[in-house]
Amino acid sequence: MDINPLETEQIGIKTLEKRLMKSNSEISLKIGLPKEVNNDERRLSLTPGGVSVLTANGHEVFIEKGAGEEANFEDSEFADAGAEITFSVDELYKKSEMIVKVAPPSEEEYELLEPDQTLISALHLGNATEEFMDILIKKNITAIGYEFIQGEDKEFPIVRMMHEITGSMAVQIAAHYLEKNDGGQGIMLGGISGIPPATVVILGAGITAEYAARTALGYGSQVFVMDNDLTRLRHLENALDRRIITATANYQYLSSALQYADVVIGAAMSEGERAPVLVTETMVANMKPGSVIVDTVIDQGGCIATSRATVHSDPIYKKHDVIHYCVPNIPSNVARTATYALNNVIAPYLLSIGDAGGIKQCLWSNTALRNGTYVYKKHLTKKSLAEIFDMPYREIEMLIASQI
């Protein structure tokens, strides 16, 4: 088959459509795609191609007018795919049994949630509130968080895709802020003949770290990866053909590495929990003036003591003369690519819910969505959330088995 490189963006969804058209849904879902109200959130969970697959399988899709604009998708594309364009967010929430969005609902959207709806979105642990959990519980919302969805293979598919984008973007961002115009040292990430390259220190050895390391190596940087999981460090060393330098993330090694770092990428995290703080304020104070920190896990609290969340419209601040970039949703800046990535994971899950006859039936058989559920039948179902908010919880398997 001849492939036109200008059309490669479409290949993934075309393959997805061919595979999913065989679905035979038991019920018709009413799926709502509201426009994101957070100015920094430009992604969408479904593309027009994904919508066409869902509507072809008998599902109804409602999308708020203008919801896809920031990812460069026109309303007409969604309408042609079979979606109904709604002109008010109130209408969309009232018509939908299932709300599918990227960012968690804002305070303004809390009241829009209808009793017994299903909400599928990110949770953003670093910003989650007890008030939000209370509302979900009181309204008997079944809430599924992108960052909790985990298949039988132990992979977090949505998290992985967004982490791949985040890791690559983090280095691209750091390269930009190292330039003098933006207050950096005025250096390139990659060295040229006779001049050594920049030093990039990556905290963590997960997916974000791997893609950050690949990108930094592509620039020609010297790359250090630091983590306390030796198995992960070995895996990364082997995957990158030992072109990186690894070390355990203890105080001695961290303090030493950060003194020489031109860029620090914060990517240390624990799935479903707050990110561990590995770097102290003293370590940051000892870094080179004009060096750059990109904390990619700020949505989980950040792994650097001096990190605080910023926004795309005002992404950086300086602390101890070190540039900090701490935008929680880095993939939003490449919204079209990120939307295709989300769609390729979300659309099959929505079809699975329809095939099973509804969300309750689907949770019996679909491990990934069951793992992703954090509120069900008026109970928190994640121990980590219960500990954060000092609230009771029940295992979802018990709730399903007890027919509550």
# chains A, B, ... in the order shown; residues from 1 in each chain; ligands from 1

$ residues_around --residues "A:Thr166" --least-positions-apart "4" --cutoff "7 Å" --atoms "only C-alpha atoms" --output "PDB file with C-alpha atoms, in the first residue's frame"
ATOM      1  CA  MET A 162      -0.083  11.346  27.330  1.00  0.00           C
ATOM      2  CA  ALA A 170       9.254  18.655  28.020  1.00  0.00           C
ATOM      3  CA  THR A 208       7.621  10.273  30.520  1.00  0.00           C
ATOM      4  CA  ILE A 330       1.531  19.863  28.568  1.00  0.00           C
ATOM      5  CA  PRO A 331      -0.134  17.706  25.853  1.00  0.00           C
TER       6      PRO A 331
END

$ closest_atom_pairs --of "stretch 163-184 of chain A" --to "stretch 220-240 of chain A" --cutoff "12 Å" --atoms "only C-alpha atoms" --output "JSON lines"
{"residue": "A:Val171", "atom": "CA", "partner": "A:Ser221", "partner_atom": "CA", "distance": 10.1}
{"residue": "A:Ala174", "atom": "CA", "partner": "A:Ser221", "partner_atom": "CA", "distance": 11.8}
{"residue": "A:Ala175", "atom": "CA", "partner": "A:Ser221", "partner_atom": "CA", "distance": 10.4}

$ select_by_dssp --residues "stretch 77-300 of chain A" --states "strand (DSSP E or B)" --output "VMD selection string"
chain A and resid 84 to 86 98 to 100 118 to 121 142 to 145 199 to 203 222 to 226 245 to 247 263 to 266 279 292 to 295

$ select_by_dssp --residues "stretch 18-66 of chain A" --states "helix (DSSP H, G or I)" --output "list in words"
Lys18, Arg19, Leu20, Pro48, Gly49, Gly50, Val51, Ser52, Val53, Leu54, Thr55 and Ala56 of chain A

$ closest_residue --among "A:Leu385, A:Ala198, A:Leu203, A:Val375" --to "A:Gly186" --atoms "only C-alpha atoms"
A:Ala198

$ closest_residue --among "A:Val334, A:Gly49, A:Asp182, A:Asp295" --to "A:Glu70" --atoms "only C-alpha atoms"
A:Val334

$ atom_distance --atom1 "atom CA of A:His379" --atom2 "atom CA of A:Trp364"
17.0 Å

$ atom_distance --atom1 "atom CA of A:Ile99" --atom2 "atom CA of A:Ala79"
18.1 Å

$ closest_atom_pairs --of "stretch 222-306 of chain A" --to "stretch 311-319 of chain A" --cutoff "9 Å" --atoms "only C-alpha atoms" --output "Markdown table"
| residue | atom | partner | partner_atom | distance |
| --- | --- | --- | --- | --- |
| A:Val284 | CA | A:Lys319 | CA | 8.2 |
| A:Ala285 | CA | A:Lys319 | CA | 8.0 |
| A:Gly290 | CA | A:Lys318 | CA | 8.9 |
| A:Thr306 | CA | A:Lys319 | CA | 7.3 |

$ residues_around --residues "A:Tyr393" --least-positions-apart "3" --cutoff "7 Å" --atoms "only C-alpha atoms" --output "list in words"
His379, Leu380, Thr381, Lys382, Lys383 and Ala386 of chain A

$ write_last_selection --atoms "C-alpha atoms" --output "short mmCIF file (atom, residue, chain, number, x, y, z; two decimals), in the first residue's frame"
data_model
loop_
_atom_site.label_atom_id
_atom_site.label_comp_id
_atom_site.auth_asym_id
_atom_site.auth_seq_id
_atom_site.Cartn_x
_atom_site.Cartn_y
_atom_site.Cartn_z
CA HIS A 379 -19.00 5.17 47.39
CA LEU A 380 -15.39 6.07 46.82
CA THR A 381 -13.68 2.99 45.42
CA LYS A 382 -10.02 4.03 45.64
CA LYS A 383 -8.10 3.67 48.88
CA ALA A 386 -10.02 7.84 50.76
#

$ closest_residue --among "A:Ser270, A:Gln259, A:Asn72, A:Thr129" --to "A:Pro289" --atoms "only C-alpha atoms"
A:Gln259

$ residues_around --residues "A:Arg308" --least-positions-apart "4" --cutoff "8 Å" --atoms "only C-alpha atoms" --output "ChimeraX atom specification"
/A:298,302,326

$ residues_around --residues "A:Ser365" --least-positions-apart "5" --cutoff "10 Å" --atoms "only C-alpha atoms" --output "mmCIF file with all heavy atoms, in the first residue's frame"
data_model
loop_
_atom_site.group_PDB
_atom_site.id
_atom_site.type_symbol
_atom_site.label_atom_id
_atom_site.label_comp_id
_atom_site.auth_asym_id
_atom_site.auth_seq_id
_atom_site.Cartn_x
_atom_site.Cartn_y
_atom_site.Cartn_z
ATOM 1 N N SER A 352 -17.288 -0.773 24.129
ATOM 2 C CA SER A 352 -17.380 -1.904 25.077
ATOM 3 C C SER A 352 -18.553 -1.726 26.029
ATOM 4 O O SER A 352 -19.251 -2.695 26.362
ATOM 5 C CB SER A 352 -16.080 -2.034 25.877
ATOM 6 O OG SER A 352 -14.996 -2.370 25.048
ATOM 7 N N ILE A 353 -18.768 -0.485 26.467
ATOM 8 C CA ILE A 353 -19.899 -0.207 27.367
ATOM 9 C C ILE A 353 -21.219 -0.494 26.654
ATOM 10 O O ILE A 353 -22.130 -1.114 27.215
ATOM 11 C CB ILE A 353 -19.843 1.253 27.856
ATOM 12 C CG1 ILE A 353 -18.599 1.463 28.740
ATOM 13 C CG2 ILE A 353 -21.110 1.605 28.650
ATOM 14 C CD1 ILE A 353 -18.320 2.921 29.076
ATOM 15 N N ALA A 356 -21.757 -4.264 26.156
ATOM 16 C CA ALA A 356 -22.099 -4.982 27.390
ATOM 17 C C ALA A 356 -23.527 -4.707 27.846
ATOM 18 O O ALA A 356 -24.070 -5.442 28.669
ATOM 19 C CB ALA A 356 -21.119 -4.599 28.499
ATOM 20 N N LYS A 360 -22.906 -0.558 34.107
ATOM 21 C CA LYS A 360 -22.945 -1.519 35.215
ATOM 22 C C LYS A 360 -22.524 -2.906 34.733
ATOM 23 O O LYS A 360 -21.692 -3.574 35.367
ATOM 24 C CB LYS A 360 -24.350 -1.570 35.813
ATOM 25 C CG LYS A 360 -24.473 -2.509 37.004
ATOM 26 C CD LYS A 360 -25.881 -2.462 37.585
ATOM 27 C CE LYS A 360 -26.038 -3.413 38.762
ATOM 28 N NZ LYS A 360 -27.407 -3.384 39.334
ATOM 29 N N ARG A 370 -13.096 -1.053 35.135
ATOM 30 C CA ARG A 370 -13.324 -1.314 36.561
ATOM 31 C C ARG A 370 -12.205 -0.698 37.399
ATOM 32 O O ARG A 370 -12.454 -0.060 38.424
ATOM 33 C CB ARG A 370 -13.426 -2.828 36.803
ATOM 34 C CG ARG A 370 -13.867 -3.182 38.218
ATOM 35 C CD ARG A 370 -14.275 -4.646 38.343
ATOM 36 N NE ARG A 370 -13.170 -5.567 38.080
ATOM 37 C CZ ARG A 370 -13.103 -6.374 37.038
ATOM 38 N NH1 ARG A 370 -14.066 -6.374 36.123
ATOM 39 N NH2 ARG A 370 -12.073 -7.190 36.878
#

$ residues_around --residues "A:Tyr110" --least-positions-apart "5" --cutoff "9 Å" --atoms "only C-alpha atoms" --output "ChimeraX atom specification"
/A:105,132,135-136

$ atom_distance --atom1 "atom CA of A:Glu131" --atom2 "atom CA of A:Tyr376"
16.2 Å

$ closest_residue --among "A:Gly358, A:Gly68, A:Gly82, A:Gly218" --to "A:Glu41" --atoms "only C-alpha atoms"
A:Gly68

$ closest_residue --among "A:Leu44, A:Asp262, A:Thr373, A:Glu108" --to "A:Asn343" --atoms "only C-alpha atoms"
A:Leu44

$ closest_residue --among "A:Asp40, A:Glu111, A:Gly32, A:Gly301" --to "A:Glu84" --atoms "only C-alpha atoms"
A:Gly32

$ decode --residues "stretch 231-244 of chain A" --atoms "all heavy atoms" --output "PDB file, in the first residue's frame"
ATOM      1  N   THR A 231      15.185  -1.614  38.852  1.00  0.00           N
ATOM      2  CA  THR A 231      14.670  -2.377  37.710  1.00  0.00           C
ATOM      3  C   THR A 231      14.318  -1.446  36.562  1.00  0.00           C
ATOM      4  O   THR A 231      14.630  -1.720  35.396  1.00  0.00           O
ATOM      5  CB  THR A 231      13.429  -3.195  38.130  1.00  0.00           C
ATOM      6  OG1 THR A 231      13.789  -4.073  39.195  1.00  0.00           O
ATOM      7  CG2 THR A 231      12.885  -3.998  36.955  1.00  0.00           C
ATOM      8  N   ARG A 232      13.676  -0.339  36.893  1.00  0.00           N
ATOM      9  CA  ARG A 232      13.337   0.639  35.852  1.00  0.00           C
ATOM     10  C   ARG A 232      14.589   1.247  35.227  1.00  0.00           C
ATOM     11  O   ARG A 232      14.657   1.461  34.020  1.00  0.00           O
ATOM     12  CB  ARG A 232      12.466   1.756  36.447  1.00  0.00           C
ATOM     13  CG  ARG A 232      11.003   1.401  36.601  1.00  0.00           C
ATOM     14  CD  ARG A 232      10.234   2.621  37.063  1.00  0.00           C
ATOM     15  NE  ARG A 232       8.799   2.393  37.066  1.00  0.00           N
ATOM     16  CZ  ARG A 232       7.913   3.332  37.368  1.00  0.00           C
ATOM     17  NH1 ARG A 232       8.325   4.556  37.677  1.00  0.00           N
ATOM     18  NH2 ARG A 232       6.633   3.069  37.349  1.00  0.00           N
ATOM     19  N   LEU A 233      15.570   1.550  36.055  1.00  0.00           N
ATOM     20  CA  LEU A 233      16.807   2.131  35.535  1.00  0.00           C
ATOM     21  C   LEU A 233      17.507   1.162  34.588  1.00  0.00           C
ATOM     22  O   LEU A 233      17.996   1.560  33.525  1.00  0.00           O
ATOM     23  CB  LEU A 233      17.743   2.515  36.688  1.00  0.00           C
ATOM     24  CG  LEU A 233      17.304   3.709  37.548  1.00  0.00           C
ATOM     25  CD1 LEU A 233      18.281   3.907  38.706  1.00  0.00           C
ATOM     26  CD2 LEU A 233      17.213   4.994  36.727  1.00  0.00           C
ATOM     27  N   ARG A 234      17.538  -0.113  34.966  1.00  0.00           N
ATOM     28  CA  ARG A 234      18.153  -1.112  34.083  1.00  0.00           C
ATOM     29  C   ARG A 234      17.397  -1.215  32.761  1.00  0.00           C
ATOM     30  O   ARG A 234      18.001  -1.289  31.693  1.00  0.00           O
ATOM     31  CB  ARG A 234      18.162  -2.482  34.778  1.00  0.00           C
ATOM     32  CG  ARG A 234      19.149  -2.597  35.920  1.00  0.00           C
ATOM     33  CD  ARG A 234      19.294  -4.051  36.377  1.00  0.00           C
ATOM     34  NE  ARG A 234      20.008  -4.118  37.646  1.00  0.00           N
ATOM     35  CZ  ARG A 234      19.413  -4.302  38.821  1.00  0.00           C
ATOM     36  NH1 ARG A 234      18.095  -4.455  38.886  1.00  0.00           N
ATOM     37  NH2 ARG A 234      20.122  -4.345  39.933  1.00  0.00           N
ATOM     38  N   HIS A 235      16.078  -1.222  32.856  1.00  0.00           N
ATOM     39  CA  HIS A 235      15.257  -1.304  31.638  1.00  0.00           C
ATOM     40  C   HIS A 235      15.545  -0.132  30.708  1.00  0.00           C
ATOM     41  O   HIS A 235      15.708  -0.295  29.500  1.00  0.00           O
ATOM     42  CB  HIS A 235      13.772  -1.321  32.009  1.00  0.00           C
ATOM     43  CG  HIS A 235      12.865  -1.073  30.840  1.00  0.00           C
ATOM     44  ND1 HIS A 235      12.575  -2.040  29.907  1.00  0.00           N
ATOM     45  CD2 HIS A 235      12.211   0.063  30.434  1.00  0.00           C
ATOM     46  CE1 HIS A 235      11.773  -1.530  28.983  1.00  0.00           C
ATOM     47  NE2 HIS A 235      11.533  -0.273  29.283  1.00  0.00           N
ATOM     48  N   LEU A 236      15.621   1.068  31.299  1.00  0.00           N
ATOM     49  CA  LEU A 236      15.843   2.262  30.493  1.00  0.00           C
ATOM     50  C   LEU A 236      17.248   2.265  29.890  1.00  0.00           C
ATOM     51  O   LEU A 236      17.430   2.653  28.722  1.00  0.00           O
ATOM     52  CB  LEU A 236      15.624   3.510  31.356  1.00  0.00           C
ATOM     53  CG  LEU A 236      15.180   4.791  30.632  1.00  0.00           C
ATOM     54  CD1 LEU A 236      14.012   4.521  29.714  1.00  0.00           C
ATOM     55  CD2 LEU A 236      14.839   5.872  31.650  1.00  0.00           C
ATOM     56  N   GLU A 237      18.224   1.844  30.663  1.00  0.00           N
ATOM     57  CA  GLU A 237      19.592   1.735  30.131  1.00  0.00           C
ATOM     58  C   GLU A 237      19.634   0.819  28.923  1.00  0.00           C
ATOM     59  O   GLU A 237      20.233   1.144  27.890  1.00  0.00           O
ATOM     60  CB  GLU A 237      20.543   1.186  31.209  1.00  0.00           C
ATOM     61  CG  GLU A 237      21.132   2.236  32.114  1.00  0.00           C
ATOM     62  CD  GLU A 237      22.268   1.665  32.964  1.00  0.00           C
ATOM     63  OE1 GLU A 237      22.323   0.429  33.127  1.00  0.00           O
ATOM     64  OE2 GLU A 237      23.081   2.455  33.457  1.00  0.00           O
ATOM     65  N   ASN A 238      18.976  -0.320  29.034  1.00  0.00           N
ATOM     66  CA  ASN A 238      18.973  -1.282  27.925  1.00  0.00           C
ATOM     67  C   ASN A 238      18.178  -0.755  26.736  1.00  0.00           C
ATOM     68  O   ASN A 238      18.592  -0.898  25.578  1.00  0.00           O
ATOM     69  CB  ASN A 238      18.395  -2.629  28.387  1.00  0.00           C
ATOM     70  CG  ASN A 238      19.306  -3.329  29.374  1.00  0.00           C
ATOM     71  OD1 ASN A 238      20.528  -3.161  29.323  1.00  0.00           O
ATOM     72  ND2 ASN A 238      18.735  -4.112  30.279  1.00  0.00           N
ATOM     73  N   ALA A 239      17.030  -0.135  27.007  1.00  0.00           N
ATOM     74  CA  ALA A 239      16.185   0.379  25.930  1.00  0.00           C
ATOM     75  C   ALA A 239      16.887   1.476  25.135  1.00  0.00           C
ATOM     76  O   ALA A 239      16.668   1.623  23.929  1.00  0.00           O
ATOM     77  CB  ALA A 239      14.868   0.905  26.506  1.00  0.00           C
ATOM     78  N   LEU A 240      17.735   2.253  25.819  1.00  0.00           N
ATOM     79  CA  LEU A 240      18.422   3.374  25.161  1.00  0.00           C
ATOM     80  C   LEU A 240      19.885   3.041  24.868  1.00  0.00           C
ATOM     81  O   LEU A 240      20.715   3.943  24.676  1.00  0.00           O
ATOM     82  CB  LEU A 240      18.312   4.633  26.028  1.00  0.00           C
ATOM     83  CG  LEU A 240      16.873   5.096  26.289  1.00  0.00           C
ATOM     84  CD1 LEU A 240      16.853   6.312  27.199  1.00  0.00           C
ATOM     85  CD2 LEU A 240      16.159   5.414  24.980  1.00  0.00           C
ATOM     86  N   ASP A 241      20.198   1.747  24.848  1.00  0.00           N
ATOM     87  CA  ASP A 241      21.521   1.277  24.428  1.00  0.00           C
ATOM     88  C   ASP A 241      22.646   1.901  25.254  1.00  0.00           C
ATOM     89  O   ASP A 241      23.708   2.235  24.731  1.00  0.00           O
ATOM     90  CB  ASP A 241      21.722   1.571  22.929  1.00  0.00           C
ATOM     91  CG  ASP A 241      22.808   0.714  22.303  1.00  0.00           C
ATOM     92  OD1 ASP A 241      23.067  -0.380  22.846  1.00  0.00           O
ATOM     93  OD2 ASP A 241      23.396   1.143  21.297  1.00  0.00           O
ATOM     94  N   ARG A 242      22.381   2.085  26.538  1.00  0.00           N
ATOM     95  CA  ARG A 242      23.372   2.604  27.493  1.00  0.00           C
ATOM     96  C   ARG A 242      23.960   3.956  27.095  1.00  0.00           C
ATOM     97  O   ARG A 242      25.107   4.267  27.415  1.00  0.00           O
ATOM     98  CB  ARG A 242      24.499   1.576  27.692  1.00  0.00           C
ATOM     99  CG  ARG A 242      24.011   0.268  28.296  1.00  0.00           C
ATOM    100  CD  ARG A 242      25.126  -0.641  28.725  1.00  0.00           C
ATOM    101  NE  ARG A 242      24.599  -1.842  29.356  1.00  0.00           N
ATOM    102  CZ  ARG A 242      24.268  -1.948  30.635  1.00  0.00           C
ATOM    103  NH1 ARG A 242      24.411  -0.896  31.420  1.00  0.00           N
ATOM    104  NH2 ARG A 242      23.799  -3.070  31.122  1.00  0.00           N
ATOM    105  N   ARG A 243      23.148   4.745  26.427  1.00  0.00           N
ATOM    106  CA  ARG A 243      23.610   6.095  26.063  1.00  0.00           C
ATOM    107  C   ARG A 243      23.286   7.121  27.152  1.00  0.00           C
ATOM    108  O   ARG A 243      23.614   8.300  27.019  1.00  0.00           O
ATOM    109  CB  ARG A 243      22.974   6.526  24.740  1.00  0.00           C
ATOM    110  CG  ARG A 243      23.482   5.739  23.530  1.00  0.00           C
ATOM    111  CD  ARG A 243      22.827   6.222  22.255  1.00  0.00           C
ATOM    112  NE  ARG A 243      21.404   5.914  22.248  1.00  0.00           N
ATOM    113  CZ  ARG A 243      20.489   6.607  21.576  1.00  0.00           C
ATOM    114  NH1 ARG A 243      20.843   7.679  20.881  1.00  0.00           N
ATOM    115  NH2 ARG A 243      19.218   6.239  21.593  1.00  0.00           N
ATOM    116  N   ILE A 244      22.611   6.681  28.203  1.00  0.00           N
ATOM    117  CA  ILE A 244      22.316   7.568  29.329  1.00  0.00           C
ATOM    118  C   ILE A 244      23.155   7.161  30.533  1.00  0.00           C
ATOM    119  O   ILE A 244      23.704   6.063  30.583  1.00  0.00           O
ATOM    120  CB  ILE A 244      20.816   7.510  29.695  1.00  0.00           C
ATOM    121  CG1 ILE A 244      20.409   6.070  30.057  1.00  0.00           C
ATOM    122  CG2 ILE A 244      19.954   8.060  28.573  1.00  0.00           C
ATOM    123  CD1 ILE A 244      19.007   5.945  30.607  1.00  0.00           C
TER     124      ILE A 244
END
